[in-house]
file target_5.csv (CSV, C-alpha atoms and all ligand atoms)
chain,number,residue,atom,x,y,z
T,23,MET,CA,-10.9,7.2,24.1
T,24,LEU,CA,-11.1,4.6,21.3
T,25,GLY,CA,-13.4,5.6,18.5
T,26,VAL,CA,-14.2,6.6,15.0
T,27,LYS,CA,-12.7,10.1,15.4
T,28,LEU,CA,-9.3,8.7,16.3
T,29,THR,CA,-9.4,6.2,13.5
T,30,ILE,CA,-10.2,8.9,10.9
T,31,HIS,CA,-7.5,11.1,12.3
T,32,ILE,CA,-4.9,8.4,11.9
T,33,ILE,CA,-6.0,7.3,8.5
T,34,GLU,CA,-5.9,10.8,7.2
T,35,LYS,CA,-2.4,11.3,8.5
T,36,VAL,CA,-1.3,8.1,6.7
T,37,GLN,CA,-2.8,9.2,3.5
T,38,LYS,CA,-0.3,12.1,3.5
T,39,VAL,CA,2.6,9.7,3.7
T,40,LEU,CA,1.3,7.8,0.7
T,41,LEU,CA,0.9,10.9,-1.4
T,42,GLN,CA,4.4,11.9,-0.5
T,43,SER,CA,5.9,8.5,-1.2
T,44,ASP,CA,4.1,8.4,-4.5
T,45,VAL,CA,5.6,11.6,-5.6
T,46,GLN,CA,9.1,10.7,-4.4
T,47,SER,CA,9.9,7.8,-6.6
T,48,LYS,CA,7.5,6.8,-9.2
T,49,SER,CA,9.0,4.4,-11.7
T,50,ASP,CA,10.4,1.4,-9.7
T,51,ARG,CA,8.6,-1.0,-7.4
T,52,SER,CA,10.2,0.5,-4.2
T,53,PRO,CA,7.6,3.2,-3.6
T,54,VAL,CA,5.0,0.7,-2.6
T,55,THR,CA,7.4,-0.8,-0.1
T,56,VAL,CA,8.1,2.7,1.3
T,57,ALA,CA,4.4,3.5,1.4
T,58,ASP,CA,3.4,0.1,3.0
T,59,TYR,CA,6.0,0.4,5.7
T,60,GLY,CA,5.5,4.1,6.3
T,61,SER,CA,1.8,3.7,6.6
T,62,GLN,CA,2.1,0.8,9.1
T,63,ALA,CA,4.8,2.6,11.2
T,64,LEU,CA,2.7,5.7,11.4
T,65,VAL,CA,-0.6,4.0,12.4
T,66,SER,CA,1.2,1.8,14.9
T,67,PHE,CA,3.0,4.8,16.5
T,68,VAL,CA,-0.1,7.1,16.6
T,69,LEU,CA,-2.3,4.4,18.0
T,70,GLN,CA,0.1,3.7,20.8
T,71,ARG,CA,0.6,7.4,21.6
T,72,GLU,CA,-3.2,8.1,21.6
T,73,LEU,CA,-4.1,5.1,23.7
T,74,PRO,CA,-1.3,4.9,26.4
T,75,SER,CA,-3.4,3.2,29.0
T,76,GLU,CA,-4.7,0.4,26.8
T,77,PRO,CA,-2.9,-2.9,26.3
T,78,PHE,CA,-1.8,-2.5,22.7
T,79,SER,CA,-2.3,-5.2,20.1
T,80,LEU,CA,-2.0,-4.8,16.4
T,81,VAL,CA,-2.5,-7.4,13.7
T,82,ALA,CA,-0.9,-5.9,10.5
T,83,GLU,CA,0.3,-7.1,7.2
T,84,GLU,CA,3.9,-6.0,7.1
T,85,ASP,CA,7.0,-6.9,9.2
T,86,SER,CA,10.4,-5.4,9.3
T,87,GLY,CA,12.4,-8.5,8.3
T,88,ASP,CA,13.6,-7.2,4.9
T,89,LEU,CA,14.2,-3.7,6.2
T,90,ARG,CA,16.7,-5.0,8.8
T,91,LYS,CA,19.0,-6.2,6.0
T,92,ASP,CA,22.1,-4.1,5.2
T,93,GLU,CA,21.1,-3.3,1.7
T,94,ALA,CA,17.8,-1.9,2.9
T,95,GLN,CA,19.4,0.9,5.0
T,96,GLU,CA,18.6,3.6,2.4
T,97,THR,CA,15.0,2.5,2.1
T,98,LEU,CA,14.6,2.5,5.9
T,99,GLU,CA,16.0,6.0,6.0
T,100,ARG,CA,13.5,7.2,3.4
T,101,ILE,CA,10.6,5.6,5.3
T,102,THR,CA,11.8,7.2,8.5
T,103,LYS,CA,12.0,10.6,6.8
T,104,LEU,CA,8.5,10.2,5.4
T,105,VAL,CA,7.1,9.3,8.8
T,106,ASN,CA,8.9,12.2,10.5
T,107,ASP,CA,7.9,14.7,7.8
T,108,THR,CA,4.3,13.6,8.3
T,109,LEU,CA,4.4,13.9,12.0
T,110,ALA,CA,6.0,17.3,11.8
T,111,SER,CA,3.1,18.6,9.7
T,112,ASP,CA,0.6,17.8,12.4
T,113,GLU,CA,0.3,20.2,15.3
T,114,SER,CA,0.0,17.6,18.0
T,115,TYR,CA,3.0,15.5,16.8
T,116,ALA,CA,5.3,18.3,15.7
T,117,THR,CA,7.8,17.5,18.4
T,118,SER,CA,7.9,13.7,17.8
T,119,THR,CA,10.9,12.4,15.9
T,120,LEU,CA,11.4,8.7,15.3
T,121,SER,CA,14.7,7.0,14.8
T,122,THR,CA,15.1,4.2,12.3
T,123,GLU,CA,15.0,1.8,15.2
T,124,ASP,CA,11.7,3.4,16.4
T,125,VAL,CA,10.3,2.9,12.9
T,126,LEU,CA,11.3,-0.8,12.9
T,127,ARG,CA,9.8,-1.3,16.3
T,128,ALA,CA,6.6,0.4,15.3
T,129,ILE,CA,6.3,-1.8,12.2
T,130,ASP,CA,6.9,-4.9,14.3
T,131,SER,CA,4.3,-4.1,16.9
T,132,GLY,CA,1.9,-5.3,14.2
T,133,LYS,CA,2.8,-9.0,14.9
T,134,SER,CA,-0.1,-9.8,17.1
T,135,ASP,CA,-2.1,-13.0,16.4
T,136,GLY,CA,-5.5,-11.4,17.2
T,137,GLY,CA,-8.0,-14.0,18.3
T,138,SER,CA,-11.2,-14.2,20.3
T,139,HIS,CA,-10.2,-12.4,23.5
T,140,GLY,CA,-9.5,-8.8,24.2
T,141,ARG,CA,-9.1,-5.9,21.7
T,142,HIS,CA,-7.0,-6.0,18.6
T,143,TRP,CA,-6.4,-3.4,15.9
T,144,VAL,CA,-6.3,-4.8,12.4
T,145,LEU,CA,-4.4,-3.0,9.7
T,146,ASP,CA,-3.8,-3.3,6.0
T,147,PRO,CA,-1.4,-0.3,5.5
T,148,ILE,CA,-2.0,-0.4,1.7
T,149,ASP,CA,-4.6,-2.8,0.4
T,150,GLY,CA,-4.5,-3.3,-3.3
T,151,THR,CA,-0.8,-2.9,-3.8
T,152,LYS,CA,-1.0,-3.6,-7.5
T,153,GLY,CA,-3.8,-1.0,-7.9
T,154,PHE,CA,-1.6,1.5,-6.0
T,155,LEU,CA,1.3,0.8,-8.4
T,156,ARG,CA,-1.0,1.2,-11.5
T,157,GLY,CA,-2.5,4.4,-10.1
T,158,ASP,CA,-5.8,2.7,-9.7
T,159,GLN,CA,-7.8,1.8,-6.6
T,160,TYR,CA,-6.2,1.1,-3.3
T,161,ALA,CA,-7.3,1.5,0.4
T,162,ILE,CA,-5.9,2.0,3.8
T,163,ALA,CA,-7.9,-0.3,6.0
T,164,LEU,CA,-8.1,-0.1,9.8
T,165,ALA,CA,-10.5,-2.1,12.0
T,166,LEU,CA,-10.9,-2.9,15.7
T,167,LEU,CA,-11.8,-6.4,16.9
T,168,ASP,CA,-13.4,-6.8,20.4
T,169,GLU,CA,-13.7,-10.3,21.7
T,170,GLY,CA,-13.4,-11.6,18.1
T,171,LYS,CA,-16.0,-9.3,16.6
T,172,VAL,CA,-15.3,-6.3,14.3
T,173,VAL,CA,-16.7,-3.2,16.1
T,174,LEU,CA,-15.1,-0.4,14.2
T,175,GLY,CA,-13.8,0.0,10.7
T,176,ALA,CA,-12.4,2.8,8.5
T,177,LEU,CA,-11.5,2.6,4.8
T,178,ALA,CA,-9.6,5.4,3.1
T,179,CYS,CA,-9.8,5.1,-0.7
T,180,PRO,CA,-7.7,8.0,-2.0
T,181,ASN,CA,-8.5,7.3,-5.7
T,182,LEU,CA,-12.2,6.5,-5.4
T,183,PRO,CA,-14.4,9.2,-7.0
T,184,LEU,CA,-17.3,10.6,-5.1
T,185,ALA,CA,-19.4,9.8,-8.2
T,186,SER,CA,-20.6,6.2,-8.5
T,187,ILE,CA,-18.3,3.7,-10.1
T,188,GLY,CA,-21.3,1.3,-10.5
T,189,GLY,CA,-20.8,0.8,-14.2
T,190,VAL,CA,-17.1,1.8,-14.5
T,191,ASN,CA,-13.9,-0.2,-14.2
T,192,GLN,CA,-11.5,1.8,-11.9
T,193,HIS,CA,-11.8,5.5,-12.8
T,194,PRO,CA,-14.5,7.6,-14.3
T,195,SER,CA,-12.9,10.6,-15.9
T,196,GLN,CA,-13.8,13.6,-13.8
T,197,GLY,CA,-15.2,14.9,-10.5
T,198,GLU,CA,-14.0,14.9,-6.9
T,199,VAL,CA,-11.8,12.0,-5.8
T,200,GLY,CA,-10.8,10.5,-2.4
T,201,CYS,CA,-13.4,8.9,-0.1
T,202,LEU,CA,-13.3,7.8,3.5
T,203,PHE,CA,-15.8,5.3,4.8
T,204,PHE,CA,-16.3,4.5,8.5
T,205,ALA,CA,-18.6,2.4,10.6
T,206,ASN,CA,-19.1,1.8,14.3
T,207,ILE,CA,-21.1,-1.2,15.3
T,208,GLY,CA,-24.8,-0.4,15.6
T,209,ALA,CA,-24.3,3.1,14.4
T,210,GLY,CA,-24.3,2.8,10.6
T,211,THR,CA,-21.8,3.6,7.9
T,212,TYR,CA,-20.7,7.1,6.9
T,213,MET,CA,-18.7,8.5,4.0
T,214,GLN,CA,-16.9,11.8,3.6
T,215,LEU,CA,-14.4,13.2,1.1
T,216,LEU,CA,-10.9,12.8,2.4
T,217,ASN,CA,-10.4,16.5,2.3
T,218,SER,CA,-13.6,17.4,4.1
T,219,SER,CA,-15.1,16.8,7.5
T,220,SER,CA,-18.8,16.6,6.7
T,221,ALA,CA,-19.9,13.0,6.5
T,222,ILE,CA,-23.1,11.5,5.0
T,223,LYS,CA,-24.8,8.2,6.0
T,224,VAL,CA,-24.7,5.6,3.3
T,225,GLN,CA,-26.8,2.5,2.5
T,226,VAL,CA,-26.3,-0.5,0.2
T,227,THR,CA,-28.6,-0.6,-2.8
T,228,ALA,CA,-32.2,-1.7,-2.4
T,229,ILE,CA,-32.2,-3.4,-5.8
T,230,GLU,CA,-34.1,-6.7,-5.8
T,231,ASN,CA,-34.0,-7.6,-9.5
T,232,PRO,CA,-30.7,-9.1,-10.5
T,233,GLU,CA,-31.2,-7.8,-14.0
T,234,GLU,CA,-30.6,-4.3,-12.6
T,235,ALA,CA,-27.6,-5.3,-10.5
T,236,SER,CA,-24.0,-4.6,-11.3
T,237,PHE,CA,-21.3,-6.6,-9.7
T,238,PHE,CA,-17.7,-6.1,-8.5
T,239,GLU,CA,-14.8,-8.5,-8.5
T,240,SER,CA,-11.0,-8.3,-8.2
T,241,TYR,CA,-9.1,-6.6,-11.0
T,242,GLU,CA,-6.4,-9.2,-10.8
T,243,ALA,CA,-7.5,-12.6,-12.2
T,244,ALA,CA,-4.9,-14.2,-10.0
T,245,HIS,CA,-6.9,-13.0,-6.9
T,246,SER,CA,-10.3,-14.3,-7.9
T,247,ILE,CA,-11.6,-16.8,-10.4
T,248,HIS,CA,-13.4,-14.7,-13.0
T,249,ASP,CA,-15.0,-17.6,-14.9
T,250,LEU,CA,-16.7,-18.7,-11.7
T,251,SER,CA,-18.2,-15.3,-10.9
T,252,SER,CA,-19.3,-15.1,-14.5
T,253,SER,CA,-21.1,-18.4,-14.3
T,254,ILE,CA,-22.8,-17.4,-11.0
T,255,THR,CA,-24.0,-14.0,-12.2
T,256,LYS,CA,-25.3,-15.6,-15.4
T,257,LYS,CA,-27.3,-18.0,-13.4
T,258,LEU,CA,-28.7,-15.2,-11.3
T,259,GLY,CA,-29.7,-13.2,-14.3
T,260,VAL,CA,-27.3,-10.3,-14.0
T,261,LYS,CA,-27.0,-8.5,-17.3
T,262,ALA,CA,-24.2,-6.0,-16.6
T,263,PRO,CA,-20.5,-7.0,-17.2
T,264,PRO,CA,-18.3,-7.2,-14.1
T,265,VAL,CA,-16.8,-4.0,-12.6
T,266,ARG,CA,-13.2,-4.9,-11.8
T,267,ILE,CA,-11.5,-2.8,-9.2
T,268,ASP,CA,-8.7,-3.4,-6.7
T,269,SER,CA,-8.8,-3.5,-3.0
T,270,GLN,CA,-11.4,-3.0,-0.3
T,271,ALA,CA,-12.6,0.0,-2.3
T,272,LYS,CA,-15.0,-2.6,-3.6
T,273,TYR,CA,-16.6,-2.8,-0.1
T,274,GLY,CA,-16.7,1.0,0.2
T,275,ALA,CA,-18.3,1.4,-3.2
T,276,LEU,CA,-20.9,-1.3,-2.4
T,277,SER,CA,-21.8,0.3,1.0
T,278,ARG,CA,-23.0,3.4,-0.8
T,279,GLY,CA,-24.9,1.5,-3.4
T,280,ASP,CA,-22.6,1.8,-6.4
T,281,GLY,CA,-23.0,-1.9,-7.2
T,282,ALA,CA,-25.2,-4.7,-5.7
T,283,ILE,CA,-22.8,-7.7,-5.5
T,284,TYR,CA,-19.2,-8.4,-4.7
T,285,LEU,CA,-17.9,-11.9,-5.5
T,286,ARG,CA,-14.4,-13.2,-4.5
T,287,PHE,CA,-13.2,-16.7,-5.3
T,288,PRO,CA,-9.5,-17.1,-4.7
T,289,HIS,CA,-7.7,-19.9,-6.4
T,290,LYS,CA,-7.2,-23.2,-4.6
T,291,GLY,CA,-4.9,-23.1,-1.6
T,292,TYR,CA,-5.1,-19.3,-0.9
T,293,ARG,CA,-5.8,-18.3,2.7
T,294,GLU,CA,-7.6,-15.0,3.2
T,295,LYS,CA,-6.1,-12.7,5.8
T,296,ILE,CA,-8.3,-10.7,8.3
T,297,TRP,CA,-6.8,-7.3,7.3
T,298,ASP,CA,-8.1,-7.8,3.8
T,299,HIS,CA,-11.7,-7.9,4.9
T,300,ALA,CA,-12.3,-6.6,8.5
T,301,ALA,CA,-12.8,-2.9,7.8
T,302,GLY,CA,-14.7,-3.6,4.5
T,303,CYS,CA,-16.9,-6.1,6.2
T,304,ILE,CA,-18.2,-3.7,8.9
T,305,VAL,CA,-18.5,-0.9,6.4
T,306,VAL,CA,-20.9,-3.0,4.3
T,307,THR,CA,-22.7,-4.6,7.2
T,308,GLU,CA,-23.5,-1.4,8.9
T,309,ALA,CA,-24.8,0.0,5.6
T,310,GLY,CA,-27.3,-2.8,5.6
T,311,GLY,CA,-25.4,-5.4,3.5
T,312,VAL,CA,-24.5,-9.0,4.1
T,313,VAL,CA,-21.1,-10.6,3.9
T,314,THR,CA,-20.7,-14.3,4.0
T,315,ASP,CA,-18.5,-17.2,2.8
T,316,ALA,CA,-19.7,-19.3,-0.1
T,317,ALA,CA,-21.7,-21.5,2.2
T,318,GLY,CA,-23.6,-18.5,3.6
T,319,ASN,CA,-21.8,-18.4,7.0
T,320,PRO,CA,-20.7,-15.0,8.4
T,321,LEU,CA,-17.0,-14.3,8.3
T,322,ASP,CA,-15.3,-15.2,11.6
T,323,PHE,CA,-12.5,-12.8,12.5
T,324,SER,CA,-11.8,-14.5,15.8
T,325,LYS,CA,-9.5,-17.3,14.6
T,326,GLY,CA,-6.2,-15.3,14.3
T,327,ARG,CA,-4.5,-13.7,11.4
T,328,TYR,CA,-6.4,-15.9,8.8
T,329,LEU,CA,-10.0,-16.3,7.9
T,330,ASP,CA,-10.9,-19.9,8.0
T,331,LEU,CA,-13.6,-20.0,5.4
T,332,ASP,CA,-15.5,-22.1,2.9
T,333,THR,CA,-14.4,-21.4,-0.7
T,334,GLY,CA,-15.0,-17.7,-1.3
T,335,ILE,CA,-16.6,-14.4,-0.1
T,336,ILE,CA,-19.9,-13.1,-1.3
T,337,VAL,CA,-21.4,-9.7,-0.5
T,338,THR,CA,-24.8,-8.3,-1.4
T,339,ASN,CA,-28.0,-6.8,0.1
T,340,GLN,CA,-30.4,-8.8,2.2
T,341,LYS,CA,-33.0,-9.2,-0.6
T,342,LEU,CA,-30.6,-10.6,-3.2
T,343,MET,CA,-28.6,-12.9,-0.8
T,344,PRO,CA,-30.8,-16.0,-0.9
T,345,SER,CA,-30.9,-16.2,-4.7
T,346,LEU,CA,-27.2,-15.3,-4.9
T,347,LEU,CA,-26.3,-18.1,-2.5
T,348,LYS,CA,-28.3,-20.6,-4.6
T,349,ALA,CA,-26.5,-19.5,-7.7
T,350,VAL,CA,-23.2,-19.9,-5.9
T,351,ARG,CA,-24.1,-23.4,-4.7
T,352,ASP,CA,-25.3,-24.5,-8.2
T,353,SER,CA,-22.2,-23.1,-9.9
T,354,LEU,CA,-19.8,-24.7,-7.4
T,355,GLU,CA,-21.6,-28.0,-7.9
T,356,GLU,CA,-21.3,-27.7,-11.6
T,357,LYS,CA,-17.6,-26.9,-11.3
T,358,ALA,CA,-17.0,-29.8,-9.1
T,359,SER,CA,-18.8,-32.3,-11.3
T,360,SER,CA,-16.9,-31.1,-14.4
T,361,LEU,CA,-13.5,-31.9,-12.8
E,1,LIG,N1,-3.4,-15.3,-4.9
E,1,LIG,C1,-4.2,-14.5,-4.2
E,1,LIG,N2,-5.5,-14.8,-4.2
E,1,LIG,C2,-6.3,-13.9,-3.5
E,1,LIG,N3,-6.0,-12.8,-2.9
E,1,LIG,C3,-4.7,-12.5,-3.0
E,1,LIG,C4,-3.7,-13.3,-3.6
E,1,LIG,N4,-2.5,-12.7,-3.5
E,1,LIG,C5,-2.7,-11.6,-2.8
E,1,LIG,N5,-4.0,-11.5,-2.5
E,1,LIG,C6,-4.6,-10.4,-1.6
E,1,LIG,O1,-5.5,-9.6,-2.4
E,1,LIG,C7,-5.4,-8.3,-1.9
E,1,LIG,C8,-5.9,-7.3,-2.9
E,1,LIG,O2,-6.9,-8.0,-3.6
E,1,LIG,P1,-8.1,-7.5,-4.3
E,1,LIG,O3,-8.7,-8.7,-4.9
E,1,LIG,O4,-9.0,-6.8,-3.4
E,1,LIG,O5,-7.7,-6.5,-5.4
E,1,LIG,S1,-7.0,-6.9,-6.7
E,1,LIG,O6,-8.0,-6.5,-7.7
E,1,LIG,O7,-6.8,-8.3,-6.8
E,1,LIG,O8,-5.8,-6.1,-6.8
E,1,LIG,C9,-3.9,-8.2,-1.6
E,1,LIG,O9,-3.8,-7.2,-0.6
E,1,LIG,P2,-2.5,-6.3,-0.5
E,1,LIG,O10,-1.3,-7.3,-0.3
E,1,LIG,O11,-2.7,-5.5,0.8
E,1,LIG,O12,-2.4,-5.5,-1.7
E,1,LIG,C10,-3.6,-9.5,-1.0
E,1,LIG,O13,-3.7,-9.6,0.4
E,2,MG,MG,-4.6,-6.3,1.3
E,3,MG,MG,-1.4,-4.5,2.0
E,4,MG,MG,0.6,-7.1,0.3

call {"tool": "encode", "arguments": {"input": "target_5.csv", "output": "structure tokens"}}
result
Amino acid sequence: MLGVKLTIHIIEKVQKVLLQSDVQSKSDRSPVTVADYGSQALVSFVLQRELPSEPFSLVAEEDSGDLRKDEAQETLERITKLVNDTLASDESYATSTLSTEDVLRAIDSGKSDGGSHGRHWVLDPIDGTKGFLRGDQYAIALALLDEGKVVLGALACPNLPLASIGGVNQHPSQGEVGCLFFANIGAGTYMQLLNSSSAIKVQVTAIENPEEASFFESYEAAHSIHDLSSSITKKLGVKAPPVRIDSQAKYGALSRGDGAIYLRFPHKGYREKIWDHAAGCIVVTEAGGVVTDAAGNPLDFSKGRYLDLDTGIIVTNQKLMPSLLKAVRDSLEEKASSL
């Protein structure tokens, strides 16, 4: 059966791979490659094993092109070992062993184009790669599209504290860490600690006054125009400075009310991918929030691997959305007339 339980199970398994790969080789850039590929191979393998009677379609970020080169043989072997060690640690997969060829095949089954018909899994095996490398926020993001609509989403955020990050960039200093958010269409959004099985229902903030609102944006200035979000929030009357964190952890944190607004304005020419927003979008929406493009249109996940959207992505609660949209419109007009 497709469902939240399976999604959580898979995502928790993947988290083990990431922890192992992080420990194995810390100081060069390769761990992220190992973790990205290992995570994608594992999700793909387990989904296919658990759902043998379904036609399988996966839209995922990575492909095996680089891993098939001669010089990548050692990396491929490390990924294969990680995947096998993780499978061996799970009762129901203890007898499964993947060859390097099986791993390449599992990674490449993420090449689907998605679209408006049928069911497609959507995976970002590590979202926020740069955050992962810095030891900051990252997420494993898995969603399910049905006839072009996101119906299920899970976001594992291994470095996200249980305590609010509403006023804190990246990490507060203490407390429990590692949160999993999941949402099923029409059934709300839940959060649990990654090492626990008791979940609580979460809701976006009810704040109506922008002066009380804090806002999230990308940590990386290359991923979102910080000047523009600053102009928008100033117009709106937001007093707090931006909280800059990597990855879809922003959507997770927003869904439990840590902040009130998420603004994302990529530089000209960048095309957003569906795996960077599908899970985050349903997690926020089912928690009572609203996710739109800069023109106020809902995100359309039915167009293939890319989101075809107007200018940027804005997220907030229903009360703040009309005034936020107006501030976005005014700031974009100002920006256009100053060029
Ligand atoms: N130039 C540019 N503009 C906008 N977005 C880009 C750009 N380049 C990459 N990406 C995508 O951003 C994903 C992570 O972005 P976030 O903004 O959520 O986090 S971050 O603070 O920027 O790290 C990141 O996801 P991962 O590749 O999964 O890490 C990318 O898909
Ligand atoms: Mg990503
Ligand atoms: Mg990624
Ligand atoms: Mg990437």

call {"tool": "residues_near_ligand", "arguments": {"input": "target_5.csv", "ligand": "ligand MG 4 (chain E)", "cutoff": "9 Å", "atoms": "all atoms listed in the file", "output": "PyMOL selection string"}}
result
chain T and resi 58+83-84+146-152

call {"tool": "residues_around", "arguments": {"input": "target_5.csv", "residues": "Tyr59 in chain T", "least_positions_apart": "4", "cutoff": "12 Å", "atoms": "all atoms listed in the file", "output": "PyMOL selection string"}}
result
chain T and resi 36+39-40+43+52-55+63-66+82-89+97-105+122+125-130+132+145-148

call {"tool": "closest_residue", "arguments": {"input": "target_5.csv", "among": "T:Ile254, T:Leu164, T:Val199, T:Ala228", "to": "ligand MG 2 (chain E)", "atoms": "all atoms listed in the file"}}
result
T:Leu164

call {"tool": "closest_residue", "arguments": {"input": "target_5.csv", "among": "T:Ser220, T:Leu155, T:Leu258, T:Pro264", "to": "ligand MG 3 (chain E)", "atoms": "only C-alpha atoms and all ligand atoms"}}
result
T:Leu155

call {"tool": "closest_residue", "arguments": {"input": "target_5.csv", "among": "T:Ile162, T:Ala349, T:Ala358, T:Ala110", "to": "ligand MG 2 (chain E)", "atoms": "only C-alpha atoms and all ligand atoms"}}
result
T:Ile162

call {"tool": "atom_distance", "arguments": {"input": "target_5.csv", "atom1": "CA of Lys256 in chain T", "atom2": "CA of Thr338 in chain T"}}
result
15.8 Å

call {"tool": "closest_residue", "arguments": {"input": "target_5.csv", "among": "T:Gly200, T:Gly334, T:Gly140, T:Gly153", "to": "ligand MG 2 (chain E)", "atoms": "only C-alpha atoms and all ligand atoms"}}
result
T:Gly153

call {"tool": "atom_distance", "arguments": {"input": "target_5.csv", "atom1": "CA of Glu198 in chain T", "atom2": "CA of Asn339 in chain T"}}
result
26.8 Å

call {"tool": "atom_distance", "arguments": {"input": "target_5.csv", "atom1": "atom C8 of ligand LIG 1 (chain E)", "atom2": "CA of Ser269 in chain T"}}
result
4.8 Å

call {"tool": "residues_near_ligand", "arguments": {"input": "target_5.csv", "ligand": "ligand LIG 1 (chain E)", "cutoff": "8 Å", "atoms": "only C-alpha atoms and all ligand atoms", "output": "ChimeraX atom specification"}}
result
/T:83,146-153,160,239-246,266-272,286-289,292-295,297-298

call {"tool": "write_last_selection", "arguments": {"input": "target_5.csv", "atoms": "C-alpha atoms", "output": "PDB file, in the frame of the given file"}}
result
ATOM      1  CA  GLU T  83       0.300  -7.100   7.200  1.00  0.00           C
ATOM      2  CA  ASP T 146      -3.800  -3.300   6.000  1.00  0.00           C
ATOM      3  CA  PRO T 147      -1.400  -0.300   5.500  1.00  0.00           C
ATOM      4  CA  ILE T 148      -2.000  -0.400   1.700  1.00  0.00           C
ATOM      5  CA  ASP T 149      -4.600  -2.800   0.400  1.00  0.00           C
ATOM      6  CA  GLY T 150      -4.500  -3.300  -3.300  1.00  0.00           C
ATOM      7  CA  THR T 151      -0.800  -2.900  -3.800  1.00  0.00           C
ATOM      8  CA  LYS T 152      -1.000  -3.600  -7.500  1.00  0.00           C
ATOM      9  CA  GLY T 153      -3.800  -1.000  -7.900  1.00  0.00           C
ATOM     10  CA  TYR T 160      -6.200   1.100  -3.300  1.00  0.00           C
ATOM     11  CA  GLU T 239     -14.800  -8.500  -8.500  1.00  0.00           C
ATOM     12  CA  SER T 240     -11.000  -8.300  -8.200  1.00  0.00           C
ATOM     13  CA  TYR T 241      -9.100  -6.600 -11.000  1.00  0.00           C
ATOM     14  CA  GLU T 242      -6.400  -9.200 -10.800  1.00  0.00           C
ATOM     15  CA  ALA T 243      -7.500 -12.600 -12.200  1.00  0.00           C
ATOM     16  CA  ALA T 244      -4.900 -14.200 -10.000  1.00  0.00           C
ATOM     17  CA  HIS T 245      -6.900 -13.000  -6.900  1.00  0.00           C
ATOM     18  CA  SER T 246     -10.300 -14.300  -7.900  1.00  0.00           C
ATOM     19  CA  ARG T 266     -13.200  -4.900 -11.800  1.00  0.00           C
ATOM     20  CA  ILE T 267     -11.500  -2.800  -9.200  1.00  0.00           C
ATOM     21  CA  ASP T 268      -8.700  -3.400  -6.700  1.00  0.00           C
ATOM     22  CA  SER T 269      -8.800  -3.500  -3.000  1.00  0.00           C
ATOM     23  CA  GLN T 270     -11.400  -3.000  -0.300  1.00  0.00           C
ATOM     24  CA  ALA T 271     -12.600   0.000  -2.300  1.00  0.00           C
ATOM     25  CA  LYS T 272     -15.000  -2.600  -3.600  1.00  0.00           C
ATOM     26  CA  ARG T 286     -14.400 -13.200  -4.500  1.00  0.00           C
ATOM     27  CA  PHE T 287     -13.200 -16.700  -5.300  1.00  0.00           C
ATOM     28  CA  PRO T 288      -9.500 -17.100  -4.700  1.00  0.00           C
ATOM     29  CA  HIS T 289      -7.700 -19.900  -6.400  1.00  0.00           C
ATOM     30  CA  TYR T 292      -5.100 -19.300  -0.900  1.00  0.00           C
ATOM     31  CA  ARG T 293      -5.800 -18.300   2.700  1.00  0.00           C
ATOM     32  CA  GLU T 294      -7.600 -15.000   3.200  1.00  0.00           C
ATOM     33  CA  LYS T 295      -6.100 -12.700   5.800  1.00  0.00           C
ATOM     34  CA  TRP T 297      -6.800  -7.300   7.300  1.00  0.00           C
ATOM     35  CA  ASP T 298      -8.100  -7.800   3.800  1.00  0.00           C
TER      36      ASP T 298
END

call {"tool": "residues_around", "arguments": {"input": "target_5.csv", "residues": "Asp332 in chain T", "least_positions_apart": "4", "cutoff": "10 Å", "atoms": "all atoms listed in the file", "output": "VMD selection string"}}
result
chain T and resid 314 to 319 321

call {"tool": "closest_residue", "arguments": {"input": "target_5.csv", "among": "T:Gly189, T:Gly281, T:Gly170, T:Gly302", "to": "ligand MG 2 (chain E)", "atoms": "all atoms listed in the file"}}
result
T:Gly302

call {"tool": "residues_around", "arguments": {"input": "target_5.csv", "residues": "Phe203 in chain T", "least_positions_apart": "4", "cutoff": "9 Å", "atoms": "all atoms listed in the file", "output": "ChimeraX atom specification"}}
result
/T:175-179,211-215,221,274,277,302,305

call {"tool": "closest_residue", "arguments": {"input": "target_5.csv", "among": "T:Leu120, T:Val224, T:Ala309, T:Ala301", "to": "Val144 in chain T", "atoms": "only C-alpha atoms"}}
result
T:Ala301
